[in-house]
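Peer 1: Attaching a single structure in structure tokens format; questions to follow.
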Amino acid sequence: MEALIVVAHGSKMKSSNDEIVIVTEKIKAKLEGTNIEVFYAFLELTEPSIFIAINNAIKKQCKKIKIFPYFLAAGKHVTQDIPCEIKKFKKQYPEIEFILLPHIGQCEGIENTIISNS
């Protein structure tokens with residue numbers, strides 16, 4: 001079993017957080033029938049935290065956990081906070097493979113998405 005965790009900043013605005021939930025539900029629907037569990041997490045201001053999401057993946061027996069930073073640019077959360085959380089889990093669970101995926105701004109084809117929506 002594998003996991004994909006979409007990690008966003010988190011907001012005081014429920015509607016902003018709901019967007020992440022909706023995107024995650026769409027990803028889950030596209031991956032239905034696979035061995036990939038999909039979770040969402042937030043770094044600040046709301047739950048579930050990245051800590052909770054990773055623990056939920058571990059409880060589901062996921063042996064490979066991919067973390068997708070839902071951030072446009074590589075700020076502090078992408079370069080420090082998320083890797084720091086992953087490092088703690090790697091130390092505690094060396095048998096689990098943790099993979100930090102590129103953030104949105106580094107995803108191949110992002111420029112095409114921007115152009116096609118303009």
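Identifiers for the structure tokens are assigned positionally: chains receive A, B, ... in sequence, residues are indexed from 1 per chain, and ligands are indexed from 1 in the order shown.
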Excluding same-chain residues fewer than 4 positions from Glu97 of chain A, what lies within 7 Å of it counting only C-alpha atoms, as a short mmCIF file (atom, residue, chain, number, x, y, z; two decimals) with N, CA and C atoms, in the first residue's frame?
Peer 2:
```cif
data_model
loop_
_atom_site.label_atom_id
_atom_site.label_comp_id
_atom_site.auth_asym_id
_atom_site.auth_seq_id
_atom_site.Cartn_x
_atom_site.Cartn_y
_atom_site.Cartn_z
N LYS A 63 3.63 1.56 2.99
CA LYS A 63 5.08 1.37 3.07
C LYS A 63 5.84 2.37 2.22
N LYS A 64 5.12 3.11 1.39
CA LYS A 64 5.70 4.20 0.61
C LYS A 64 4.75 5.39 0.77
N ILE A 65 5.29 6.51 1.24
CA ILE A 65 4.48 7.70 1.47
C ILE A 65 5.07 8.85 0.68
#
```
Peer 1: Using only C-alpha atoms, tabulate the residues of segment 28-111 of chain A lying at most 12 Å from any atom of segment 9-23 of chain A, each with its closest atom pair and that distance in Å to one decimal, by chain and increasing residue number, as JSON lines.
Peer 2:
```
{"residue": "A:Lys28", "atom": "CA", "partner": "A:Val23", "partner_atom": "CA", "distance": 8.7}
{"residue": "A:Ala29", "atom": "CA", "partner": "A:Val23", "partner_atom": "CA", "distance": 9.9}
{"residue": "A:Lys30", "atom": "CA", "partner": "A:Val23", "partner_atom": "CA", "distance": 10.8}
{"residue": "A:Val38", "atom": "CA", "partner": "A:Val21", "partner_atom": "CA", "distance": 10.6}
{"residue": "A:Phe39", "atom": "CA", "partner": "A:Val21", "partner_atom": "CA", "distance": 8.9}
{"residue": "A:Tyr40", "atom": "CA", "partner": "A:Val21", "partner_atom": "CA", "distance": 6.8}
{"residue": "A:Ala41", "atom": "CA", "partner": "A:Gly10", "partner_atom": "CA", "distance": 8.2}
{"residue": "A:Phe42", "atom": "CA", "partner": "A:Gly10", "partner_atom": "CA", "distance": 5.0}
{"residue": "A:Leu43", "atom": "CA", "partner": "A:His9", "partner_atom": "CA", "distance": 5.1}
{"residue": "A:Glu44", "atom": "CA", "partner": "A:Gly10", "partner_atom": "CA", "distance": 5.1}
{"residue": "A:Leu45", "atom": "CA", "partner": "A:Gly10", "partner_atom": "CA", "distance": 5.5}
{"residue": "A:Thr46", "atom": "CA", "partner": "A:Gly10", "partner_atom": "CA", "distance": 5.8}
{"residue": "A:Glu47", "atom": "CA", "partner": "A:Gly10", "partner_atom": "CA", "distance": 8.1}
{"residue": "A:Pro48", "atom": "CA", "partner": "A:Gly10", "partner_atom": "CA", "distance": 9.6}
{"residue": "A:Ser49", "atom": "CA", "partner": "A:Gly10", "partner_atom": "CA", "distance": 9.2}
{"residue": "A:Ile50", "atom": "CA", "partner": "A:His9", "partner_atom": "CA", "distance": 10.2}
{"residue": "A:Phe68", "atom": "CA", "partner": "A:His9", "partner_atom": "CA", "distance": 11.9}
{"residue": "A:Pro69", "atom": "CA", "partner": "A:His9", "partner_atom": "CA", "distance": 8.8}
{"residue": "A:Tyr70", "atom": "CA", "partner": "A:His9", "partner_atom": "CA", "distance": 7.7}
{"residue": "A:Phe71", "atom": "CA", "partner": "A:His9", "partner_atom": "CA", "distance": 7.6}
{"residue": "A:Leu72", "atom": "CA", "partner": "A:His9", "partner_atom": "CA", "distance": 10.9}
{"residue": "A:Ala73", "atom": "CA", "partner": "A:His9", "partner_atom": "CA", "distance": 11.9}
{"residue": "A:Gly75", "atom": "CA", "partner": "A:His9", "partner_atom": "CA", "distance": 11.1}
{"residue": "A:Lys76", "atom": "CA", "partner": "A:His9", "partner_atom": "CA", "distance": 11.0}
{"residue": "A:His77", "atom": "CA", "partner": "A:His9", "partner_atom": "CA", "distance": 8.0}
{"residue": "A:Val78", "atom": "CA", "partner": "A:His9", "partner_atom": "CA", "distance": 9.9}
{"residue": "A:Asp81", "atom": "CA", "partner": "A:His9", "partner_atom": "CA", "distance": 10.8}
{"residue": "A:Ile82", "atom": "CA", "partner": "A:His9", "partner_atom": "CA", "distance": 10.5}
```
Peer 1: For the residues in that selection, give me C-alpha atoms as an mmCIF file, in the first residue's frame.
Peer 2:
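Result saved to again_35.cif:
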```cif
data_model
loop_
_atom_site.group_PDB
_atom_site.id
_atom_site.type_symbol
_atom_site.label_atom_id
_atom_site.label_comp_id
_atom_site.auth_asym_id
_atom_site.auth_seq_id
_atom_site.Cartn_x
_atom_site.Cartn_y
_atom_site.Cartn_z
ATOM 1 C CA LYS A 28 -8.879 9.962 -4.825
ATOM 2 C CA ALA A 29 -11.545 9.427 -7.485
ATOM 3 C CA LYS A 30 -8.933 9.215 -10.247
ATOM 4 C CA VAL A 38 -4.846 9.767 -0.637
ATOM 5 C CA PHE A 39 -4.780 12.216 2.252
ATOM 6 C CA TYR A 40 -4.657 15.973 2.703
ATOM 7 C CA ALA A 41 -2.842 17.938 5.382
ATOM 8 C CA PHE A 42 -2.173 21.493 6.452
ATOM 9 C CA LEU A 43 0.902 23.089 7.958
ATOM 10 C CA GLU A 44 -0.874 25.852 9.864
ATOM 11 C CA LEU A 45 -4.209 27.128 11.130
ATOM 12 C CA THR A 46 -6.297 23.991 10.608
ATOM 13 C CA GLU A 47 -6.326 20.217 10.789
ATOM 14 C CA PRO A 48 -5.339 17.601 9.902
ATOM 15 C CA SER A 49 -1.691 18.457 10.327
ATOM 16 C CA ILE A 50 1.036 16.794 8.292
ATOM 17 C CA PHE A 68 3.131 16.649 -2.446
ATOM 18 C CA PRO A 69 3.663 20.278 -1.361
ATOM 19 C CA TYR A 70 0.662 22.222 -2.658
ATOM 20 C CA PHE A 71 2.729 25.418 -2.898
ATOM 21 C CA LEU A 72 3.530 27.513 -5.944
ATOM 22 C CA ALA A 73 7.014 28.573 -4.842
ATOM 23 C CA GLY A 75 9.476 29.163 0.397
ATOM 24 C CA LYS A 76 10.250 28.139 3.966
ATOM 25 C CA HIS A 77 7.462 25.579 4.187
ATOM 26 C CA VAL A 78 8.688 23.752 1.076
ATOM 27 C CA ASP A 81 9.235 22.748 7.342
ATOM 28 C CA ILE A 82 7.979 19.831 5.246
#
```
Peer 1: As an exercise, work out the distance from atom CA of Glu37 of chain A to atom CA of Lys60 of chain A in Å and give it to one decimal place.
Peer 2: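 That distance, rounded to one decimal, is 8.3 Å.
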Peer 1: Taking into account only C-alpha atoms, which residue in the set A:Ile5, A:Leu101, A:Ile54, A:Cys107 is nearest to Lys88 of chain A?
Peer 2: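 Of A:Ile5, A:Leu101, A:Ile54, A:Cys107, the one nearest Lys88 of chain A, counting only C-alpha atoms, is A:Ile54.
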Peer 1: When you draw a straight line from atom CA of Ala53 of chain A to atom CA of Val7 of chain A, how long is it in Å?
Peer 2: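 Interatomic distance here is 9.1 Å.
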Peer 1: Rank nothing, just name the residue among A:Val6, A:Asn56, A:Lys66, A:Ala74 nearest to Thr24 of chain A, using only C-alpha atoms.
Peer 2: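 When distances to Thr24 of chain A are compared using only C-alpha atoms, the smallest one comes from A:Val6.
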Peer 1: Give the answer as one residue: which of A:Glu32, A:Ala8, A:Cys62, A:Asn55 has the shortest atom-to-atom distance to Phe89 of chain A, using only C-alpha atoms?
Peer 2: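 Residue with the minimum atom-to-atom distance to Phe89 of chain A: A:Asn55.
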Peer 1: Per DSSP on the backbone, filter segment 6-92 of chain A down to the residues in alpha helix (DSSP H) and report them as number ranges by chain.
Peer 2: A: 14-30, 50-59, 76, 82-92
Peer 1: Taking only segment 74-111 of chain A into account, list the residues labelled strand (DSSP E) by DSSP (computed from the backbone), as a list in words.
Peer 2: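 The strand (DSSP E) residues within segment 74-111 of chain A come out as Glu97, Phe98, Ile99 and Leu100 of chain A.
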Peer 1: Suppose you want the space between atom CA of Lys59 of chain A and atom CA of Glu2 of chain A; what is it in Å?
Peer 2: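 Answer for the atom CA of Lys59 of chain A to atom CA of Glu2 of chain A separation: 11.6 Å.
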Peer 1: Tell me which of A:Gly105, A:Met1, A:Lys26, A:Asn112 sits closest to Ile58 of chain A, counting only C-alpha atoms.
Peer 2: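 The answer is A:Met1, which sits nearest to Ile58 of chain A.
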